[in-house]
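Here's the structure we're looking at; comments come further down.
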Amino acid sequence: MCVAFGLQGGGTGKTTISFNVAVKMAREGRRVFFIGMDMGRQSAVYLWDKRVADHIYKGEIATIREYFKGKARPLEIAYESNMVKNLFFVPAGHGKIEMKELRRSADMFSKLVSEYKKYGRVIVDCPGSGGLSSVLDYLMIFSSCDSFVPVVEPNEASITNAIRLANMAHLSGIPVNLVVLNKVKDGNQDMMERARKILTAEGDVILVKYSDRFVEAYERGAPLVDLYPESDEAKSIARIAEIIERRAVPMGKAGPERIRTALSIIEGQEVAEIDLSILRHVKNLFRRK
Ligand SMILES: Nc1ncnc2c1ncn2[C@@H]1O[C@H](COP(=O)(O)OP(=O)(O)OP(=O)(O)O)[C@@H](O)[C@H]1O
Ligand SMILES: [Mg+2]
């Protein structure tokens with residue numbers, strides 16, 4: 001099973017939620033590979049093991065970047081820490097996926113994910129920055145995961161972004177059946193109905209309230225589910241993990257083929273919420289080859 005948590009927008013809580021879900025699953029005895037795809041940011045590694053973060057910044061250990069360059073093998077970039085047993089961390093490294101690299105990287109990413117799936121659950125922490133590279137990163141990730149979980153904030157802009165991305169996931173063959181509405185404050189409850197619009201299949205919207213505990217945990221470099229295991233916040237995380245376990249069905253057809261399928265469906269169709277100009281670029285890329 002491979003689940004990607006994402007949204008094209010900074011700071012919605014993708015890393016916080018996905019990492020806590022990964023820890024929760026590992027604490028329950030499952031073997032989990034957490035893949036950081038937030039190239040250049042590396043925020044999750046601080047929650048996982050600060051020493052590893054230092055090695056990454058000094059360029060001393062191999063990351064997914066080295067893997068894409070053919071310089072490291074899957075198990076060489078999955079680091080283990082003694083902090084959480086059964087949780088392996090795959091750091092993103094620096095840089096971003098270039099247009100010309102998409103097909104090759106999608107191919108490699110797909111192989112990487114299937115390798116890790118043999119050993120356990122895979123959780124992908126997607127990038128949050130906007131722009132072209134981000135769309136490519138998402139297309140690549142969609143080519144390999146079994147489900148996509150948008151992590152949105154309770155505001156119109158975040159939800160509009162999520163609808164666009166969920167449509168892209170859907171066209172890539174991945175229905176969206178779980179949405180995390182994060183940082184919810186009193187009075188935001190009306191956003192629940194709006195957030196439901198993000199779902200492209202029957203599913204759940206799980207609410208995670210705005211809480212200083214997340215910030216505290218982040219600053220202390222520890223997962224909230226460990227610091228406050230009995231809290232409402234930890235219960236929301238547990239619920240997300242539980243739904244993922246219950247719903248995730250491995251998809252038969254993963255790999256770069258999915259990207260091509262998405263592009264061919266988009267062709268000649270009015271899909272208002274998708275940024276067609278960007279996808280046309282990608283389409284031209286495939287045409288040239
Ligand atoms: N439910 C919450 N309540 C309060 N603060 C939160 C909550 N979720 C996340 N945060 C805080 O918001 C900040 C951004 O979170 P995080 O890094 O997980 O976002 P992100 O979406 O991964 O960001 P990026 O787009 O930069 O990758 C962090 O300081 C984190 O502690
Ligand atoms: Mg992040």
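Residues are named by chain letter and number: chains run A, B, ... in the order of the structure tokens, numbers start at 1 in each chain, and ligands are numbered from 1 in the order shown.
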
TODO: DSSP on the backbone, then: every residue of segment 49-101 of chain A marked strand (DSSP E or B), written as a PyMOL selection string.
DONE: chain A and resi 79-80+87-90

Can you spit out the residues from that selection as a PDB file, in the first residue's frame, using N, CA, C and O atoms?
ATOM      1  N   TYR A  79      16.573   5.024   5.828  1.00  0.00           N
ATOM      2  CA  TYR A  79      17.321   5.061   7.090  1.00  0.00           C
ATOM      3  C   TYR A  79      16.436   4.671   8.264  1.00  0.00           C
ATOM      4  O   TYR A  79      15.266   5.025   8.320  1.00  0.00           O
ATOM      5  N   GLU A  80      17.076   3.968   9.195  1.00  0.00           N
ATOM      6  CA  GLU A  80      16.336   3.528  10.370  1.00  0.00           C
ATOM      7  C   GLU A  80      16.816   4.333  11.573  1.00  0.00           C
ATOM      8  O   GLU A  80      17.974   4.729  11.633  1.00  0.00           O
ATOM      9  N   LEU A  87      10.012   2.102  11.564  1.00  0.00           N
ATOM     10  CA  LEU A  87       9.763   3.250  10.677  1.00  0.00           C
ATOM     11  C   LEU A  87      11.051   3.626   9.955  1.00  0.00           C
ATOM     12  O   LEU A  87      12.051   3.946  10.583  1.00  0.00           O
ATOM     13  N   PHE A  88      11.009   3.539   8.636  1.00  0.00           N
ATOM     14  CA  PHE A  88      12.177   3.855   7.818  1.00  0.00           C
ATOM     15  C   PHE A  88      11.961   5.193   7.122  1.00  0.00           C
ATOM     16  O   PHE A  88      10.863   5.456   6.624  1.00  0.00           O
ATOM     17  N   PHE A  89      12.983   5.983   7.100  1.00  0.00           N
ATOM     18  CA  PHE A  89      12.854   7.330   6.539  1.00  0.00           C
ATOM     19  C   PHE A  89      13.654   7.426   5.244  1.00  0.00           C
ATOM     20  O   PHE A  89      14.832   7.099   5.216  1.00  0.00           O
ATOM     21  N   VAL A  90      12.983   7.888   4.195  1.00  0.00           N
ATOM     22  CA  VAL A  90      13.667   8.062   2.910  1.00  0.00           C
ATOM     23  C   VAL A  90      13.724   9.560   2.625  1.00  0.00           C
ATOM     24  O   VAL A  90      12.711  10.183   2.314  1.00  0.00           O
TER      25      VAL A  90
END

TODO: Mind checking which residues fall within 7 Å of segment 171-183 of chain A, counting only C-alpha atoms, ignoring those fewer than 5 positions away in the same chain, and posting them as a list of chain:residue names?
DONE: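 Residues near the query, excluding close chain neighbours: A:Gly13, A:Phe142, A:Asp146, A:Ser147, A:Phe148, A:Val149, A:Pro150, A:Val151, A:Val152, A:Glu153, A:Pro154, A:Ala166, A:Leu199, A:Thr200, A:Ala201, A:Glu202, A:Gly203, A:Asp204, A:Val205, A:Ile206, A:Leu207, A:Val208, A:Lys209, A:Tyr210, A:Arg258, A:Ile259, A:Thr261, A:Ala262, A:Ile265.
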
Task: Cut-off 9 Å, only C-alpha atoms and all ligand atoms, neighbours of ligand 1 as JSON, numbers by chain - done: {"A": [6, 7, 8, 9, 10, 11, 12, 13, 14, 15, 16, 17, 18, 19, 38, 41, 42, 43, 44, 125, 126, 127, 128, 129, 151, 152, 181, 182, 183, 184, 185, 208, 209, 210, 211, 212, 213, 214, 215, 216, 217, 218, 219, 233]}

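Shortest atom-to-atom contact with ligand 2 among A:Leu47, A:Val32, A:Val23, A:Leu102: A:Leu47, counting only C-alpha atoms and all ligand atoms.
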
TODO: May I ask for the distance between atom CA of Lys117 of chain A and atom CA of Gly29 of chain A, given in Å to one decimal place?
DONE: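 Value for the atom CA of Lys117 of chain A-atom CA of Gly29 of chain A distance: 15.5 Å.
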
TODO: Have a look at A:Ala106, A:Val135, A:Cys2, A:Ile56 and name the one nearest to Leu165 of chain A; count only C-alpha atoms.
DONE: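 Nearest candidate to Leu165 of chain A out of A:Ala106, A:Val135, A:Cys2, A:Ile56: A:Val135.
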
Open item on the list: Between atom CA of Gly93 of chain A and atom CA of Val45 of chain A, what distance in Å does the model show, to one decimal?
Closed with: 10.7 Å

- [ ] Could you tell me how far atom CA of Ser231 of chain A lies from atom CA of Met25 of chain A, in Å and to one decimal?
- [x]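 Spanning atom CA of Ser231 of chain A to atom CA of Met25 of chain A is a straight-line distance of 16.9 Å.
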
TODO: Using backbone DSSP assignments, extract all helix (DSSP H, G or I) residues from segment 135-200 of chain A; output them as a PyMOL selection string.
DONE: chain A and resi 135-142+156-171+191-196

Task: Residue nearest ligand 2 among A:Arg30, A:Val225, A:Met1, A:Ala92 (counting only C-alpha atoms and all ligand atoms) - done: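 Distance minimum relative to ligand 2 lands on A:Ala92.
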